[in-house]
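Colleague: This is the content of work07.tsv (TSV, C-alpha atoms):
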```tsv
chain	number	residue	atom	x	y	z
A	1	MET	CA	95.22	72.86	99.34
A	2	ALA	CA	95.25	73.05	95.55
A	3	VAL	CA	91.60	74.11	95.61
A	4	ARG	CA	92.38	77.23	97.66
A	5	ILE	CA	95.24	78.21	95.32
A	6	TRP	CA	92.92	77.70	92.38
A	7	LEU	CA	90.27	79.80	94.14
A	8	ALA	CA	92.73	82.65	94.73
A	9	GLY	CA	93.69	82.56	91.05
A	10	LEU	CA	90.02	82.61	90.07
A	11	VAL	CA	89.35	85.63	92.31
A	12	LEU	CA	92.29	87.46	90.73
A	13	VAL	CA	91.07	86.74	87.19
A	14	VAL	CA	87.46	87.69	87.98
A	15	VAL	CA	88.38	90.99	89.64
A	16	VAL	CA	90.79	92.00	86.86
A	17	THR	CA	88.25	91.08	84.18
A	18	ALA	CA	85.51	93.03	85.95
A	19	ALA	CA	87.70	96.14	86.29
A	20	ILE	CA	88.68	96.06	82.60
A	21	THR	CA	85.08	95.46	81.52
A	22	ILE	CA	83.77	98.37	83.60
A	23	LYS	CA	86.38	100.74	82.18
A	24	LEU	CA	85.64	99.71	78.61
A	25	LEU	CA	81.92	100.22	79.19
A	26	VAL	CA	82.59	103.68	80.62
A	27	ARG	CA	84.90	104.38	77.66
A	28	ARG	CA	81.98	103.92	75.28
A	29	ARG	CA	80.11	106.76	76.98
A	30	ALA	CA	83.12	108.99	77.66
A	31	PRO	CA	83.47	112.16	75.58
A	32	VAL	CA	86.39	112.55	73.18
A	33	GLY	CA	89.38	113.48	75.31
A	34	GLY	CA	87.74	112.16	78.47
A	35	TRP	CA	85.98	113.97	81.29
A	36	PHE	CA	89.13	115.66	82.62
A	37	THR	CA	90.08	118.89	80.89
A	38	ASP	CA	93.47	119.02	82.60
A	39	SER	CA	95.12	115.62	82.02
A	40	SER	CA	98.28	116.48	83.94
A	41	ARG	CA	96.31	117.42	87.05
A	42	SER	CA	94.20	114.25	86.88
A	43	ALA	CA	97.34	112.14	86.45
A	44	GLY	CA	98.90	113.85	89.47
A	45	THR	CA	95.80	113.18	91.57
A	46	LEU	CA	95.84	109.52	90.56
A	47	SER	CA	99.52	109.32	91.45
A	48	VAL	CA	98.83	110.67	94.95
A	49	ILE	CA	95.89	108.32	95.52
A	50	GLY	CA	97.77	105.31	94.17
A	51	THR	CA	100.86	106.07	96.22
A	52	MET	CA	98.86	106.42	99.44
A	53	PHE	CA	97.13	103.08	98.84
A	54	ALA	CA	100.39	101.36	97.89
A	55	VAL	CA	102.17	102.61	101.02
A	56	MET	CA	99.26	101.56	103.24
A	57	LEU	CA	99.08	98.10	101.62
A	58	ALA	CA	102.85	97.60	101.91
A	59	PHE	CA	102.75	98.57	105.59
A	60	VAL	CA	99.95	96.08	106.33
A	61	ILE	CA	101.76	93.33	104.42
A	62	LEU	CA	104.88	94.00	106.49
A	63	LEU	CA	102.96	93.79	109.77
A	64	ALA	CA	101.14	90.64	108.67
A	65	LEU	CA	104.44	89.08	107.62
A	66	GLN	CA	105.94	89.83	111.03
A	67	SER	CA	102.91	88.22	112.69
A	68	TYR	CA	103.31	85.16	110.45
A	69	GLN	CA	107.00	84.92	111.34
A	70	ARG	CA	106.26	85.14	115.07
A	71	ALA	CA	103.85	82.22	114.73
A	72	ARG	CA	106.49	80.14	112.94
A	73	GLU	CA	109.16	80.98	115.52
A	74	GLY	CA	106.82	80.25	118.42
A	75	SER	CA	105.99	76.77	117.12
A	76	SER	CA	109.69	76.05	116.61
A	77	VAL	CA	110.66	77.22	120.11
A	78	GLU	CA	107.90	75.12	121.63
A	79	ALA	CA	108.96	71.96	119.78
A	80	ILE	CA	112.62	72.37	120.76
A	81	ALA	CA	111.62	72.95	124.40
A	82	VAL	CA	109.57	69.72	124.42
A	83	ALA	CA	112.60	67.79	123.13
A	84	GLU	CA	114.75	69.36	125.83
A	85	LEU	CA	112.17	68.53	128.51
A	86	HIS	CA	112.26	64.92	127.38
A	87	SER	CA	116.05	64.88	127.83
A	88	VAL	CA	115.80	66.52	131.25
A	89	ALA	CA	113.19	63.96	132.34
A	90	SER	CA	115.65	61.16	131.56
A	91	VAL	CA	117.79	62.31	134.48
A	92	PHE	CA	115.15	61.38	137.04
A	93	GLN	CA	114.65	57.88	138.33
A	94	SER	CA	111.88	55.57	137.19
A	95	PRO	CA	108.87	55.65	137.43
A	96	VAL	CA	108.90	59.47	137.43
A	97	SER	CA	110.96	59.68	134.25
A	98	ASP	CA	108.74	57.13	132.48
A	99	ARG	CA	105.58	59.03	133.31
A	100	LEU	CA	107.09	62.37	132.25
A	101	HIS	CA	108.29	60.85	128.98
A	102	GLY	CA	104.86	59.44	128.21
A	103	GLU	CA	103.05	62.67	129.03
A	104	LEU	CA	105.44	64.72	126.88
A	105	VAL	CA	104.76	62.38	123.95
A	106	CYS	CA	101.02	62.79	124.51
A	107	TYR	CA	101.42	66.57	124.68
A	108	ALA	CA	103.24	66.61	121.35
A	109	ARG	CA	100.64	64.33	119.76
A	110	ALA	CA	97.80	66.52	121.03
A	111	VAL	CA	99.48	69.64	119.63
A	112	THR	CA	99.84	68.19	116.13
A	113	GLU	CA	96.51	66.36	115.96
A	114	ASP	CA	94.12	68.48	118.03
A	115	GLU	CA	95.42	71.99	118.61
A	116	TRP	CA	96.63	72.65	115.08
A	117	PRO	CA	93.18	72.08	113.53
A	118	ALA	CA	91.65	74.13	116.37
A	119	MET	CA	93.94	77.08	115.58
A	120	ARG	CA	92.48	77.27	112.08
A	121	GLU	CA	89.30	78.38	113.84
A	122	GLY	CA	91.15	80.69	116.24
A	123	ARG	CA	90.83	78.31	119.21
A	124	SER	CA	93.19	76.49	121.56
A	125	SER	CA	92.94	72.85	122.61
A	126	ASP	CA	91.58	71.73	125.96
A	127	LEU	CA	93.30	68.39	125.34
A	128	VAL	CA	96.73	70.06	125.17
A	129	GLN	CA	95.97	72.02	128.32
A	130	SER	CA	95.02	68.82	130.12
A	131	TRP	CA	98.44	67.32	129.36
A	132	ILE	CA	100.12	70.50	130.58
A	133	ASP	CA	98.23	70.18	133.85
A	134	LYS	CA	99.18	66.50	134.17
A	135	LEU	CA	102.84	67.30	133.54
A	136	GLY	CA	102.71	69.96	136.22
A	137	ARG	CA	101.15	67.62	138.77
A	138	GLU	CA	103.56	64.81	137.91
A	139	PHE	CA	106.62	67.01	138.24
A	140	ALA	CA	105.34	68.53	141.48
A	141	ILE	CA	105.66	65.17	143.26
A	142	ALA	CA	109.15	64.50	141.89
A	143	GLU	CA	111.88	64.66	144.54
A	144	PRO	CA	115.39	65.27	143.22
A	145	HIS	CA	118.18	63.12	144.66
A	146	GLY	CA	121.74	64.25	144.24
A	147	VAL	CA	123.34	67.17	142.46
A	148	ARG	CA	122.54	65.85	138.97
A	149	GLU	CA	118.82	65.61	139.61
A	150	GLU	CA	118.75	68.94	141.39
A	151	THR	CA	120.35	70.58	138.36
A	152	ALA	CA	117.83	68.87	136.08
A	153	TYR	CA	115.02	69.99	138.41
A	154	ALA	CA	115.99	73.64	137.92
A	155	GLN	CA	116.49	73.21	134.17
A	156	TRP	CA	112.99	71.75	133.85
A	157	PHE	CA	111.44	75.05	134.89
A	158	ASP	CA	113.53	76.95	132.34
A	159	GLU	CA	112.46	74.65	129.52
A	160	GLN	CA	108.85	74.76	130.69
A	161	ALA	CA	108.97	78.54	130.47
A	162	ARG	CA	110.30	78.32	126.90
A	163	ARG	CA	107.61	75.81	125.95
A	164	ARG	CA	104.90	78.00	127.50
A	165	ASP	CA	106.14	81.15	125.74
A	166	GLY	CA	106.39	79.35	122.40
A	167	ARG	CA	102.85	78.02	122.69
A	168	ARG	CA	101.48	81.40	123.73
A	169	GLU	CA	103.12	83.06	120.73
A	170	ARG	CA	101.78	80.37	118.43
A	171	LEU	CA	98.25	80.69	119.82
A	172	ALA	CA	98.35	84.48	119.76
A	173	GLU	CA	98.79	84.45	115.98
A	174	ALA	CA	95.83	82.07	115.49
A	175	THR	CA	93.51	85.07	115.89
A	176	PRO	CA	93.45	87.30	112.76
A	177	PHE	CA	95.93	90.12	113.13
A	178	VAL	CA	94.31	92.60	110.71
A	179	PRO	CA	91.15	94.08	112.29
A	180	LEU	CA	87.96	94.66	110.32
A	181	PRO	CA	88.33	98.49	110.24
A	182	LEU	CA	91.74	98.11	108.60
A	183	TRP	CA	90.26	95.77	105.99
A	184	PHE	CA	87.61	98.44	105.39
A	185	VAL	CA	90.27	101.11	104.85
A	186	LEU	CA	92.20	98.85	102.47
A	187	GLY	CA	89.01	98.18	100.53
A	188	ILE	CA	88.26	101.90	100.32
A	189	GLY	CA	91.79	102.61	99.11
A	190	ALA	CA	91.62	99.97	96.38
A	191	SER	CA	88.13	101.06	95.31
A	192	VAL	CA	89.03	104.76	95.10
A	193	THR	CA	92.18	104.06	93.11
A	194	LEU	CA	90.43	101.83	90.59
A	195	SER	CA	87.40	104.12	90.34
A	196	TYR	CA	89.62	107.07	89.51
A	197	MET	CA	91.31	105.01	86.81
A	198	VAL	CA	87.91	104.08	85.37
A	199	ALA	CA	86.98	107.78	85.30
A	200	GLN	CA	90.03	108.41	83.11
A	201	ALA	CA	88.48	106.46	80.23
A	202	ASP	CA	89.21	108.09	76.87
A	203	ARG	CA	87.62	107.11	73.55
A	204	ARG	CA	90.65	108.33	71.62
A	205	GLU	CA	92.78	105.46	72.93
A	206	GLY	CA	92.37	101.89	71.76
A	207	VAL	CA	90.77	99.14	73.80
A	208	PHE	CA	94.07	97.40	74.49
A	209	VAL	CA	95.83	100.57	75.63
A	210	GLN	CA	92.92	101.45	77.94
A	211	SER	CA	92.85	97.92	79.40
A	212	ILE	CA	96.55	97.51	80.26
A	213	PRO	CA	96.92	100.13	83.06
A	214	ILE	CA	93.79	99.23	84.99
A	215	GLY	CA	94.41	95.52	84.47
A	216	PHE	CA	97.92	95.71	85.92
A	217	VAL	CA	96.92	97.91	88.86
A	218	THR	CA	93.91	95.72	89.66
A	219	ALA	CA	96.05	92.58	89.54
A	220	LEU	CA	98.64	94.06	91.91
A	221	ALA	CA	96.05	95.43	94.35
A	222	THR	CA	94.07	92.18	94.43
A	223	ALA	CA	97.21	90.07	94.81
A	224	GLY	CA	98.37	92.28	97.67
A	225	LEU	CA	95.06	91.91	99.51
A	226	LEU	CA	95.14	88.13	98.98
A	227	VAL	CA	98.66	88.04	100.44
A	228	VAL	CA	97.49	89.95	103.52
A	229	PHE	CA	94.60	87.51	103.96
A	230	PHE	CA	96.96	84.52	103.64
A	231	LEU	CA	99.48	85.89	106.15
A	232	ASP	CA	96.65	86.78	108.54
A	233	HIS	CA	95.54	83.12	108.58
A	234	PRO	CA	98.81	81.20	109.03
A	235	TYR	CA	97.28	77.83	109.98
A	236	THR	CA	94.89	77.29	107.05
A	237	ASN	CA	96.59	74.09	105.85
A	238	GLU	CA	97.49	75.67	102.50
A	239	SER	CA	100.73	75.64	100.56
A	240	GLY	CA	103.09	77.92	102.51
A	241	SER	CA	101.00	77.97	105.69
A	242	ILE	CA	102.56	76.99	109.01
A	243	ALA	CA	102.40	73.26	109.70
A	244	PRO	CA	103.50	71.39	112.88
A	245	THR	CA	106.70	70.29	111.15
A	246	GLU	CA	108.99	70.99	114.09
A	247	MET	CA	106.71	69.18	116.53
A	248	HIS	CA	106.60	66.18	114.19
A	249	ARG	CA	110.39	66.17	114.26
A	250	THR	CA	110.33	66.29	118.04
A	251	LEU	CA	107.92	63.37	118.09
A	252	ALA	CA	110.28	61.40	115.87
A	253	LEU	CA	113.00	61.97	118.48
A	254	ILE	CA	111.07	61.26	121.67
A	255	ASP	CA	108.37	58.78	120.60
A	256	HIS	CA	110.10	55.42	120.59
A	257	GLY	CA	106.95	53.33	120.59
A	258	SER	CA	106.85	53.15	124.36
A	259	ALA	CA	103.54	52.76	126.18
A	260	ALA	CA	102.37	56.35	126.27
A	261	PRO	CA	99.17	57.00	128.25
A	262	CYS	CA	97.35	58.16	125.09
A	263	ASP	CA	96.52	57.12	121.55
A	264	GLU	CA	98.05	58.54	118.37
A	265	ARG	CA	95.85	61.66	118.62
A	266	GLY	CA	96.90	62.41	122.20
A	267	ILE	CA	93.59	61.30	123.70
A	268	PRO	CA	94.08	59.60	127.10
A	269	ARG	CA	93.65	55.85	127.09
A	270	SER	CA	90.77	54.54	129.13
A	271	THR	CA	91.84	52.89	132.34
```
For this file, produce the structure as structure tokens.

Modeller:
Amino acid sequence: MAVRIWLAGLVLVVVVTAAITIKLLVRRRAPVGGWFTDSSRSAGTLSVIGTMFAVMLAFVILLALQSYQRAREGSSVEAIAVAELHSVASVFQSPVSDRLHGELVCYARAVTEDEWPAMREGRSSDLVQSWIDKLGREFAIAEPHGVREETAYAQWFDEQARRRDGRRERLAEATPFVPLPLWFVLGIGASVTLSYMVAQADRREGVFVQSIPIGFVTALATAGLLVVFFLDHPYTNESGSIAPTEMHRTLALIDHGSAAPCDERGIPRST
């Protein structure tokens, strides 16, 4: 976790240093007064280019942030639905309730231990799907007796729908949201903006004065692109990324050390 943060900081420092170095090298060859004869027009052009890139970057960050938030909300909805399903299962008579309880615990364990690492690679978990199938088969043979169980029977389907929708939303955000063409456009926008600033090198100004503007703009542009990359990969196990916190809380509520038909990773026990 700390390594990735350190790596992002290193990328930021390297890119800013490279941009400043390139401008100072160009400054050594620039004529007195720079290459632009009309400084006000060149400044206006840079303002237009910079504004277009800034608006585009801000829009992508907003969309990526919304995608990140949907992933967080989906995982929370799913975990709450699993806890509710566990409560609903308690209404049924044994051994149906015992089997449903155990399979819900195994489902939650498989989500935290198997599907979460799989989502970092943009995949779902076959193990989680197997527990979903087992829950469906187990509930299909349940026969409600009395008004209380009939009410619980209907509520089970509602909670299952919530769990399914939460998982689908969580899995949908495992695939990168920002497509490659959009990354290409962002790269072009950043490159054009910085290149234009390099072309404004002027030997009349000191090294420090020439370095400050391009250093600040490069730092902001690079940081913005790093933020987009982070939000586009919400399950990377980094500081601030989405962890199965809510499902762990659900497990703490429903896993009472009973004999679940799986081990701590949600893998079925051999019979």

Colleague: What gap, in Å, lies between CA of Leu12 in chain A and CA of Thr222 in chain A?

Modeller: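 The value is 6.3 Å.
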
Colleague: Using all atoms listed in the file, can you tell me which of A:Leu194, A:Ala19, A:Leu57, A:Leu135 comes closest to Leu225 in chain A?

Modeller: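 Counting all atoms listed in the file, the residue closest to Leu225 in chain A is A:Leu57.
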
Colleague: Please identify all polymer residues within 12 Å of Val11 in chain A, counting all atoms listed in the file, omitting same-chain residues fewer than 4 positions from it, and present them as a VMD selection string.

Modeller: chain A and resid 4 to 7 15 to 18 218 to 219 222 to 223 225 to 226

Colleague: For Arg168 in chain A, which residue out of A:Met119, A:Ile267, A:Ile49, A:Ile188 is the nearest one, using all atoms listed in the file?

Modeller: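 Among A:Met119, A:Ile267, A:Ile49, A:Ile188, it is A:Met119 that comes nearest to Arg168 in chain A.
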
Colleague: May I have the residues within 12 Å of Phe59 in chain A as JSON, numbers by chain, using all atoms listed in the file and disregarding those fewer than 3 positions away in the same chain?

Modeller: {"A": [52, 53, 54, 55, 56, 62, 63, 64, 65, 66, 178, 182, 186, 224, 225, 228]}

Colleague: My list of candidates is A:Gln200, A:Thr236, A:Ser241, A:Arg162. Which is closest to Arg41 in chain A when distances are computed with only C-alpha atoms?

Modeller: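 Once distances to Arg41 in chain A are computed over only C-alpha atoms, the minimum belongs to A:Gln200.
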
Colleague: If you measure from CA of Ala71 in chain A to CA of Glu103 in chain A, what distance in Å do you get, rounded to one decimal?

Modeller: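 Interatomic distance, CA of Ala71 in chain A to CA of Glu103 in chain A: 24.2 Å.
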
Colleague: Do you have the CA of Arg163 in chain A-CA of Ser239 in chain A distance handy?

Modeller: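 Computing it gives 26.3 Å between the two atoms.
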